[in-house]
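*Asks:* Below is a structure I'd like to ask you about.
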Number of protein chains: 2
Amino acid sequence: MEYTISKSKDFVDQEVTLKGWMYNKRSSGKIAFLQLRDGSGYIQGVVEKATVSEESWQASQDLTIESSCIITGLLKEEPRSPTGFELQVKEVKAVNIAPEFPIGKKEHGPEFLFENRDLYLRAKTPWAVLRIRDQVFRSITNYFYEQGFVRFDTPVLQPTSAEDTSQLFEMDYYESKMYLTQSGQLYLEAGIMGLGKAYDFGPVFRAEKSKTRNHLSEFWMMDAEMAYHNQQMNEDVQEGLVKRIIKDCLENCKEELKVLERDTTVLQRAVDEKFIRMKQYDAKKLLEEQGFKVDYNDDMTTEEEIAIGNHFGIPVFIEDYPFEVKAFYMKNYVDERGMKRAINADLIAPEEAREIIGGSQREDDYEKLLTELKARNYKVEDYEWYLNIRKYGSVEHSGFGIGLERTVRWISGVHHIRETIPFPRTTVLSKP
Amino acid sequence: MEYTISKSKDFVDQEVTLKGWMYNKRSSGKIAFLQLRDGSGYIQGVVEKATVSEESWQASQDLTIESSCIITGLLKEEPRSPTGFELQVKEVKAVNIAPEFPIGKKEHGPEFLFENRDLYLRAKTPWAVLRIRDQVFRSITNYFYEQGFVRFDTPVLQPTSAEDTSQLFEMDYYESKMYLTQSGQLYLEAGIMGLGKAYDFGPVFRAEKSKTRNHLSEFWMMDAEMAYHNQQMNEDVQEGLVKRIIKDCLENCKEELKVLERDTTVLQRAVDEKFIRMKQYDAKKLLEEQGFKVDYNDDMTTEEEIAIGNHFGIPVFIEDYPFEVKAFYMKNYVDERGMKRAINADLIAPEEAREIIGGSQREDDYEKLLTELKARNYKVEDYEWYLNIRKYGSVEHSGFGIGLERTVRWISGVHHIRETIPFPRTTVLSKP
């Protein structure tokens, strides 16, 4: 087994070779403390002039911030070190000496860091956040596999648009037009007629002109769809998924969460306690009682989502929104007050994380779906294939979509959504 | 545990309820054989008029091809059945009776099936191929996780183009232009400076005007990149990955491979035997000896790739192509005949599967890379960030890309690449 910093506990008191970079240094005339990283983690290397060769000592003096280097030494447990280990260096080889690193030691505003994204990726915050992102991705993949779902990659290039056309990116495609996907859901509904349960997980696109810390123009979405599942079963699957993601992160990303100084109390509650399920009407009523001026007939506002999240401190399913503010494909009913309501739920996470999941039971009646398409002035011929799902062996079915970046942001506790993806795409163009 | 057909072995001699669809039927006046599917698998249900209620018998008669139904019965082992099990039906509930299914029993040409892709997805071939695709995806994810890689999603929307601009899709992005990704490699190279080893896995795009069975305009690519890895280490990782994928498929996709009538002899050889590694010069020489009229200075042609694949019967790394037919970022050297050669390899799979992986060691010298960019008339200012990778702590590094659909096609043994993705995108526009 080759040594990497992440495997240090298996190499205690052994001589190891670390291939990586130096990200910081303190040095006196006799001893140098090299802060080293290799991508898998961080460790301090201690070089004593008296015990290494002249070449190694000189190399330790030559190393600048972000220089690449190969360091051989004895790995020791060191309780005073934040990582628990230290390297007693025997040999230092400088691989490539870096000129002054532009984002080295100084404090920079977020704009500077994002304009130099390629260099900022070497810092500890993106290191930790992107490793959490990796864990979230694998938790989702593993959970769905264990639950009998099949991965079903829906196309990015779509000839028609599913929802709000004002946020669509359009492009020339040979002799015609295509739109970049906003969701793979409609395709997945066709997929489950063959596969039973399926999910996709890929980039989606919204021409989102507002510059907020919540929005990206390109982000990753996981959509899942299940035959013979009603909305309550749908929420059960979602709750299981979110609990699994957080549990895995708490177990496997301890060092990353420490780097981010994340207080994990609320995350642990989401693993341990049952999520709240409440109707949109009751949520609005609760907010009204708390002094909010609410519109019962509308979606939840940003402030309302934050307030609900803070009130409960664990994730809340807000169910059964007014149908007219929701998508055409949602199954719906008329409530006791005479209002048409979608059979749906958004999952609101606490700590200002807001909506991380949107889901619903889908209309499975051919005639009702056709009527709704016409009522909303959609081109029926574009949806003939989608209507086929209800024509040939229609079944009760439900699904949901989880936003990867919103979820990663919540778990990481970082402020801005652009921290959660390697090269964020916003209205502000950045190189690369 | 809820019953699904895939779990039949755990439910032998138990009463189970199957929620699915009927895909075929034979019936006499007294007994009906229902061919049932639920997305997880296939099973036959036997309905005897004498032992079920009148309603259940009537329902069994009413069911048409692709009707949805809920069937309760006793699960029995049945060695004569291709799946090993059979359902002695006690109750039949028709959920939704389908009108005549357009692609039911008749033989259709491939064009008809692809024009009705949403319905064709219910057939056995896409069922099997897409489940193999799911397995390949998970094998890749698991392998990289175990090898210490971090997933690093590179952007679809790129302000500059990496390689051949003639195949780029361009689009309007707010006030400027963007291009759809052809590869995430350059971004990954920046990523490994922070993460050590990283991979992406997402859709890539080529405006590929030629209509062949080998090309899609949108397909999935996995790119991996590794710091402190030379080309031979790179090939070791690739060989390990391909062996792992095939091994997992042979173990976990037995029923799918049976549905596809796949002879797995050659696949098993790829697991058991070491892959061939040979220089492009030697490959061309071998082909010349076999009667091919070869061009030593050019890439491998389609026919040459097929011939090499057939000759060895196991995957072959063709190494060190003439640099001038390869990308600017490849590390290179001058061979003993005075020709400049890339330090690279394409992996050619047998059985006409052709190139499934392309990889190389990357130029890690700042000056050499800058010179090459200028020699090829690239805009140096677009690559400033990419040059930074060589400026600040440059390290020897290598990487490769594996085409998901090409790999799935090889393992599945299907003829046309469009069988391997749910909704293929080619120059022929199809709905949806």
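Residue numbering restarts at 1 for every chain of the structure tokens, chains are lettered A, B, ... in their displayed order, and ligands are numbered from 1 as they appear.
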With only C-alpha atoms as the counted atoms, please give the residues lying no more than 7 Å from Pro350 of chain A, apart from itself and same-chain residues fewer than 2 positions off, as JSON, numbers by chain.
*Replies:* {"A": [309, 310, 313, 314, 315, 348, 352, 353, 354]}
*Asks:* For the residues selected in the previous step, produce a file with N, CA, C and O atoms as a compact mmCIF listing (two decimals), in the first residue's frame.
*Replies:*
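And here is the file that came out, again_25.txt:
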```txt
# COMPACT_ATOMS: atom_id res chain seq x y z
N GLY A 309 -37.75 26.74 8.74
CA GLY A 309 -36.56 25.96 9.05
C GLY A 309 -36.05 26.24 10.46
O GLY A 309 -35.76 25.33 11.24
N ASN A 310 -35.98 27.52 10.82
CA ASN A 310 -35.49 27.89 12.15
C ASN A 310 -36.46 27.47 13.25
O ASN A 310 -36.03 27.08 14.34
N GLY A 313 -36.02 23.46 13.43
CA GLY A 313 -34.65 23.00 13.65
C GLY A 313 -34.37 21.62 13.06
O GLY A 313 -33.28 21.08 13.23
N ILE A 314 -35.36 21.05 12.40
CA ILE A 314 -35.13 19.82 11.62
C ILE A 314 -35.86 19.97 10.29
O ILE A 314 -36.73 20.84 10.16
N PRO A 315 -35.55 19.15 9.30
CA PRO A 315 -36.19 19.32 8.00
C PRO A 315 -37.72 19.15 8.07
O PRO A 315 -38.23 18.33 8.82
N ILE A 348 -37.90 21.57 3.39
CA ILE A 348 -37.17 22.76 3.85
C ILE A 348 -36.16 22.34 4.91
O ILE A 348 -36.53 21.75 5.92
N GLU A 352 -31.18 28.15 7.49
CA GLU A 352 -31.25 28.96 6.26
C GLU A 352 -30.90 28.19 5.00
O GLU A 352 -30.61 28.79 3.96
N ALA A 353 -30.89 26.88 5.06
CA ALA A 353 -30.56 26.10 3.86
C ALA A 353 -31.72 26.10 2.86
O ALA A 353 -31.53 25.85 1.68
N ARG A 354 -32.95 26.38 3.37
CA ARG A 354 -34.14 26.50 2.51
C ARG A 354 -34.49 25.18 1.81
O ARG A 354 -34.23 24.10 2.29
```
*Asks:* Residues of chain B within 6 Å of chain A, counting only C-alpha atoms, what are they? List them as a PyMOL selection string.
*Replies:* chain B and resi 38-39+66-68+96-98+118+121-122+134+151+171+190+194-196+392-394
*Asks:* For the selection just defined, write its residues with all heavy atoms to a file, as a compact mmCIF listing (two decimals), in the first residue's frame.
*Replies:*
```txt
# COMPACT_ATOMS: atom_id res chain seq x y z
N ASP B 38 -41.84 -6.08 -13.63
CA ASP B 38 -42.03 -4.99 -12.67
C ASP B 38 -40.86 -4.01 -12.68
O ASP B 38 -40.73 -3.18 -11.78
CB ASP B 38 -42.27 -5.54 -11.26
CG ASP B 38 -41.02 -6.19 -10.66
OD1 ASP B 38 -40.00 -6.33 -11.38
OD2 ASP B 38 -41.06 -6.57 -9.48
N GLY B 39 -40.01 -4.11 -13.69
CA GLY B 39 -38.84 -3.23 -13.77
C GLY B 39 -37.59 -3.89 -13.20
O GLY B 39 -36.50 -3.64 -13.67
N GLU B 66 -48.96 -4.52 -22.17
CA GLU B 66 -48.56 -3.27 -21.51
C GLU B 66 -49.61 -2.70 -20.56
O GLU B 66 -49.46 -1.57 -20.08
CB GLU B 66 -48.08 -2.21 -22.50
CG GLU B 66 -46.68 -2.48 -23.04
CD GLU B 66 -45.64 -2.71 -21.95
OE1 GLU B 66 -45.65 -1.96 -20.96
OE2 GLU B 66 -44.85 -3.67 -22.07
N SER B 67 -50.66 -3.47 -20.25
CA SER B 67 -51.56 -3.05 -19.19
C SER B 67 -50.83 -3.17 -17.86
O SER B 67 -50.03 -4.09 -17.65
CB SER B 67 -52.81 -3.94 -19.15
OG SER B 67 -53.60 -3.69 -20.30
N SER B 68 -51.14 -2.24 -16.94
CA SER B 68 -50.58 -2.34 -15.60
C SER B 68 -51.49 -3.21 -14.74
O SER B 68 -52.71 -3.23 -14.94
CB SER B 68 -50.42 -0.95 -14.98
OG SER B 68 -51.57 -0.17 -15.20
N ASN B 96 -54.70 -0.53 -15.18
CA ASN B 96 -55.02 0.34 -16.32
C ASN B 96 -54.86 -0.48 -17.60
O ASN B 96 -53.78 -1.02 -17.87
CB ASN B 96 -54.08 1.56 -16.32
CG ASN B 96 -54.35 2.51 -17.47
OD1 ASN B 96 -53.69 2.45 -18.50
ND2 ASN B 96 -55.33 3.37 -17.31
N ILE B 97 -55.95 -0.60 -18.35
CA ILE B 97 -55.93 -1.41 -19.57
C ILE B 97 -55.41 -0.57 -20.73
O ILE B 97 -55.94 0.51 -21.01
CB ILE B 97 -57.35 -1.91 -19.90
CG1 ILE B 97 -57.88 -2.80 -18.76
CG2 ILE B 97 -57.38 -2.65 -21.24
CD1 ILE B 97 -57.16 -4.12 -18.59
N ALA B 98 -54.34 -1.06 -21.36
CA ALA B 98 -53.72 -0.31 -22.45
C ALA B 98 -54.43 -0.59 -23.77
O ALA B 98 -54.81 -1.73 -24.03
CB ALA B 98 -52.25 -0.70 -22.57
N ASP B 118 -39.72 6.30 -26.13
CA ASP B 118 -40.39 6.24 -24.83
C ASP B 118 -41.09 4.90 -24.65
O ASP B 118 -41.13 4.37 -23.54
CB ASP B 118 -41.37 7.40 -24.68
CG ASP B 118 -42.41 7.44 -25.78
OD1 ASP B 118 -42.02 7.51 -26.97
OD2 ASP B 118 -43.61 7.38 -25.47
N LEU B 121 -38.50 1.72 -24.55
CA LEU B 121 -37.81 1.54 -23.26
C LEU B 121 -38.44 0.45 -22.39
O LEU B 121 -37.87 0.03 -21.40
CB LEU B 121 -37.78 2.86 -22.48
CG LEU B 121 -36.79 3.91 -22.99
CD1 LEU B 121 -37.03 5.25 -22.32
CD2 LEU B 121 -35.36 3.45 -22.73
N ARG B 122 -39.64 -0.02 -22.76
CA ARG B 122 -40.27 -1.09 -21.98
C ARG B 122 -39.83 -2.47 -22.45
O ARG B 122 -40.19 -3.48 -21.84
CB ARG B 122 -41.79 -0.98 -22.12
CG ARG B 122 -42.33 0.38 -21.72
CD ARG B 122 -43.82 0.42 -21.96
NE ARG B 122 -44.39 1.71 -21.64
CZ ARG B 122 -45.62 1.87 -21.17
NH1 ARG B 122 -46.39 0.82 -20.95
NH2 ARG B 122 -46.10 3.06 -20.92
N ASP B 134 -25.97 1.05 -15.70
CA ASP B 134 -26.01 1.38 -14.27
C ASP B 134 -24.86 0.70 -13.53
O ASP B 134 -24.18 1.31 -12.70
CB ASP B 134 -27.37 0.93 -13.71
CG ASP B 134 -27.48 1.12 -12.20
OD1 ASP B 134 -27.42 2.27 -11.75
OD2 ASP B 134 -27.64 0.11 -11.48
N ARG B 151 -14.47 12.96 -6.55
CA ARG B 151 -15.27 13.39 -7.69
C ARG B 151 -15.22 14.91 -7.80
O ARG B 151 -15.36 15.62 -6.80
CB ARG B 151 -16.71 12.94 -7.47
CG ARG B 151 -17.54 13.13 -8.69
CD ARG B 151 -18.98 12.76 -8.44
NE ARG B 151 -19.73 13.28 -9.55
CZ ARG B 151 -20.06 12.57 -10.61
NH1 ARG B 151 -19.78 11.29 -10.65
NH2 ARG B 151 -20.71 13.12 -11.60
N MET B 171 -23.35 28.54 -27.74
CA MET B 171 -24.65 29.10 -27.33
C MET B 171 -24.49 30.47 -26.71
O MET B 171 -23.42 30.86 -26.25
CB MET B 171 -25.35 28.17 -26.36
CG MET B 171 -24.53 27.79 -25.15
SD MET B 171 -25.55 26.98 -23.91
CE MET B 171 -26.26 28.41 -23.09
N ALA B 190 -6.40 21.31 -13.02
CA ALA B 190 -6.35 22.31 -11.95
C ALA B 190 -6.83 21.68 -10.63
O ALA B 190 -6.29 21.96 -9.57
CB ALA B 190 -7.21 23.52 -12.31
N GLY B 194 -5.17 20.55 -5.98
CA GLY B 194 -5.72 20.63 -4.63
C GLY B 194 -6.10 19.28 -4.06
O GLY B 194 -6.04 19.06 -2.85
N LEU B 195 -6.51 18.36 -4.94
CA LEU B 195 -7.10 17.11 -4.47
C LEU B 195 -6.24 15.87 -4.73
O LEU B 195 -6.58 14.78 -4.29
CB LEU B 195 -8.48 16.91 -5.12
CG LEU B 195 -9.54 17.96 -4.74
CD1 LEU B 195 -10.72 17.92 -5.70
CD2 LEU B 195 -10.01 17.78 -3.30
N GLY B 196 -5.16 16.03 -5.49
CA GLY B 196 -4.25 14.91 -5.74
C GLY B 196 -4.73 13.99 -6.86
O GLY B 196 -4.07 13.84 -7.87
N TYR B 392 2.98 27.11 -10.69
CA TYR B 392 3.01 27.03 -9.22
C TYR B 392 3.05 25.58 -8.76
O TYR B 392 2.01 24.91 -8.65
CB TYR B 392 1.77 27.72 -8.64
CG TYR B 392 1.68 29.18 -9.01
CD1 TYR B 392 0.78 29.61 -9.99
CD2 TYR B 392 2.49 30.13 -8.39
CE1 TYR B 392 0.70 30.94 -10.34
CE2 TYR B 392 2.42 31.48 -8.75
CZ TYR B 392 1.51 31.87 -9.72
OH TYR B 392 1.43 33.19 -10.07
N GLY B 393 4.23 25.05 -8.55
CA GLY B 393 4.33 23.71 -8.00
C GLY B 393 3.94 22.61 -8.98
O GLY B 393 3.23 21.67 -8.64
N SER B 394 4.43 22.73 -10.23
CA SER B 394 4.12 21.74 -11.26
C SER B 394 4.56 20.33 -10.84
O SER B 394 5.59 20.17 -10.18
CB SER B 394 4.84 22.12 -12.56
OG SER B 394 4.45 21.26 -13.61
```
*Asks:* Need the shell around Val294 of chain A: protein/DNA/RNA residues with any atom at most 10 Å away, counting only C-alpha atoms. Skip same-chain ones fewer than 5 positions apart. Format as a list in words?
*Replies:* Ala283, Lys284, Lys285, Leu286, Leu287, Glu288, Glu289, Asp299, Met300, Thr301 and Glu304 of chain A
*Asks:* Would you mind exporting the chosen residues as a PDB file, in the first residue's frame, restricted to N, CA and C atoms?
*Replies:*
```
ATOM      1  N   ALA A 283     -48.583  25.674   7.507  1.00  0.00           N
ATOM      2  CA  ALA A 283     -47.304  26.396   7.595  1.00  0.00           C
ATOM      3  C   ALA A 283     -47.546  27.902   7.503  1.00  0.00           C
ATOM      4  N   LYS A 284     -48.397  28.288   6.562  1.00  0.00           N
ATOM      5  CA  LYS A 284     -48.720  29.715   6.412  1.00  0.00           C
ATOM      6  C   LYS A 284     -49.390  30.244   7.686  1.00  0.00           C
ATOM      7  N   LYS A 285     -50.275  29.414   8.251  1.00  0.00           N
ATOM      8  CA  LYS A 285     -50.988  29.829   9.458  1.00  0.00           C
ATOM      9  C   LYS A 285     -50.007  30.036  10.615  1.00  0.00           C
ATOM     10  N   LEU A 286     -49.079  29.103  10.748  1.00  0.00           N
ATOM     11  CA  LEU A 286     -48.060  29.206  11.797  1.00  0.00           C
ATOM     12  C   LEU A 286     -47.256  30.496  11.643  1.00  0.00           C
ATOM     13  N   LEU A 287     -46.904  30.798  10.398  1.00  0.00           N
ATOM     14  CA  LEU A 287     -46.121  32.004  10.134  1.00  0.00           C
ATOM     15  C   LEU A 287     -46.928  33.266  10.433  1.00  0.00           C
ATOM     16  N   GLU A 288     -48.219  33.201  10.105  1.00  0.00           N
ATOM     17  CA  GLU A 288     -49.104  34.341  10.389  1.00  0.00           C
ATOM     18  C   GLU A 288     -49.160  34.595  11.893  1.00  0.00           C
ATOM     19  N   GLU A 289     -49.258  33.497  12.639  1.00  0.00           N
ATOM     20  CA  GLU A 289     -49.288  33.625  14.091  1.00  0.00           C
ATOM     21  C   GLU A 289     -47.992  34.218  14.641  1.00  0.00           C
ATOM     22  N   ASP A 299     -46.762  30.537  -3.246  1.00  0.00           N
ATOM     23  CA  ASP A 299     -45.618  29.732  -2.841  1.00  0.00           C
ATOM     24  C   ASP A 299     -45.072  30.256  -1.506  1.00  0.00           C
ATOM     25  N   MET A 300     -44.131  29.525  -0.930  1.00  0.00           N
ATOM     26  CA  MET A 300     -43.444  30.027   0.253  1.00  0.00           C
ATOM     27  C   MET A 300     -42.372  31.027  -0.202  1.00  0.00           C
ATOM     28  N   THR A 301     -42.246  32.146   0.492  1.00  0.00           N
ATOM     29  CA  THR A 301     -41.181  33.095   0.153  1.00  0.00           C
ATOM     30  C   THR A 301     -39.872  32.635   0.813  1.00  0.00           C
ATOM     31  N   GLU A 304     -40.050  33.086   4.504  1.00  0.00           N
ATOM     32  CA  GLU A 304     -40.928  32.094   5.134  1.00  0.00           C
ATOM     33  C   GLU A 304     -40.231  30.738   5.265  1.00  0.00           C
TER      34      GLU A 304
END
```
*Asks:* What residues in segment 128-283 of chain A get the DSSP label strand (DSSP E)? Please answer as number ranges by chain.
*Replies:* A: 150-151, 157-158, 170-173, 176-180, 197-205, 218-227, 276-279
*Asks:* With only C-alpha atoms as the basis for distance, which of B:Ser81, B:Asn24, B:Gln167, B:Gln185 is at the shortest distance from Ala327 of chain B?
*Replies:*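 Smallest distance to Ala327 of chain B is found for B:Gln185.
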*Asks:* Can you pull out every residue from segment 162-273 of chain B that DSSP, working from the backbone, puts in helix (DSSP H, G or I), and format the result as a PyMOL selection string?
*Replies:* chain B and resi 165-167+185-195+231-252+254-259+265-272
*Asks:* Using C-alpha atoms, can you write the selected residues to a file as a compact mmCIF listing (two decimals), in the first residue's frame?
*Replies:*
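Result saved to part_34.txt:
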```txt
# COMPACT_ATOMS: atom_id res chain seq x y z
CA THR B 165 -13.47 23.62 -32.70
CA SER B 166 -15.28 22.23 -35.76
CA GLN B 167 -17.33 19.95 -33.51
CA GLN B 185 -9.72 17.37 -18.55
CA LEU B 186 -8.13 20.82 -18.37
CA TYR B 187 -10.29 21.71 -15.35
CA LEU B 188 -9.43 18.41 -13.70
CA GLU B 189 -5.73 19.21 -14.05
CA ALA B 190 -6.35 22.31 -11.95
CA GLY B 191 -8.40 20.19 -9.54
CA ILE B 192 -5.65 17.68 -8.78
CA MET B 193 -3.37 20.49 -7.63
CA GLY B 194 -5.72 20.63 -4.63
CA LEU B 195 -7.10 17.11 -4.47
CA GLN B 231 1.99 7.20 -18.27
CA GLN B 232 2.76 3.62 -17.22
CA MET B 233 1.10 4.23 -13.83
CA ASN B 234 -1.78 5.80 -15.75
CA GLU B 235 -2.21 2.63 -17.83
CA ASP B 236 -2.10 0.51 -14.67
CA VAL B 237 -5.05 2.49 -13.26
CA GLN B 238 -6.94 2.14 -16.56
CA GLU B 239 -6.35 -1.59 -16.77
CA GLY B 240 -7.52 -2.00 -13.18
CA LEU B 241 -10.63 0.01 -13.92
CA VAL B 242 -11.61 -1.90 -17.06
CA LYS B 243 -11.03 -5.26 -15.37
CA ARG B 244 -13.15 -4.14 -12.43
CA ILE B 245 -16.02 -2.97 -14.65
CA ILE B 246 -16.13 -6.23 -16.58
CA LYS B 247 -15.76 -8.40 -13.49
CA ASP B 248 -18.68 -6.61 -11.81
CA CYS B 249 -20.85 -6.96 -14.91
CA LEU B 250 -20.08 -10.68 -15.28
CA GLU B 251 -20.95 -11.21 -11.61
CA ASN B 252 -23.94 -8.90 -11.17
CA LYS B 254 -25.91 -12.41 -15.45
CA GLU B 255 -29.61 -12.14 -16.32
CA GLU B 256 -29.05 -9.01 -18.41
CA LEU B 257 -26.25 -10.69 -20.40
CA LYS B 258 -28.50 -13.72 -20.92
CA VAL B 259 -31.32 -11.53 -22.24
CA THR B 265 -15.76 -15.55 -23.49
CA VAL B 266 -13.83 -12.48 -24.62
CA LEU B 267 -15.04 -10.46 -21.63
CA GLN B 268 -13.76 -13.13 -19.26
CA ARG B 269 -10.37 -13.07 -21.02
CA ALA B 270 -10.14 -9.32 -20.38
CA VAL B 271 -10.58 -9.98 -16.67
CA ASP B 272 -8.09 -12.85 -16.53
```
*Asks:* What is the distance, in Å and to one decimal place, between atom CA of Glu2 of chain B and atom CA of Ser56 of chain B?
*Replies:*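 A separation of 22.5 Å between them.
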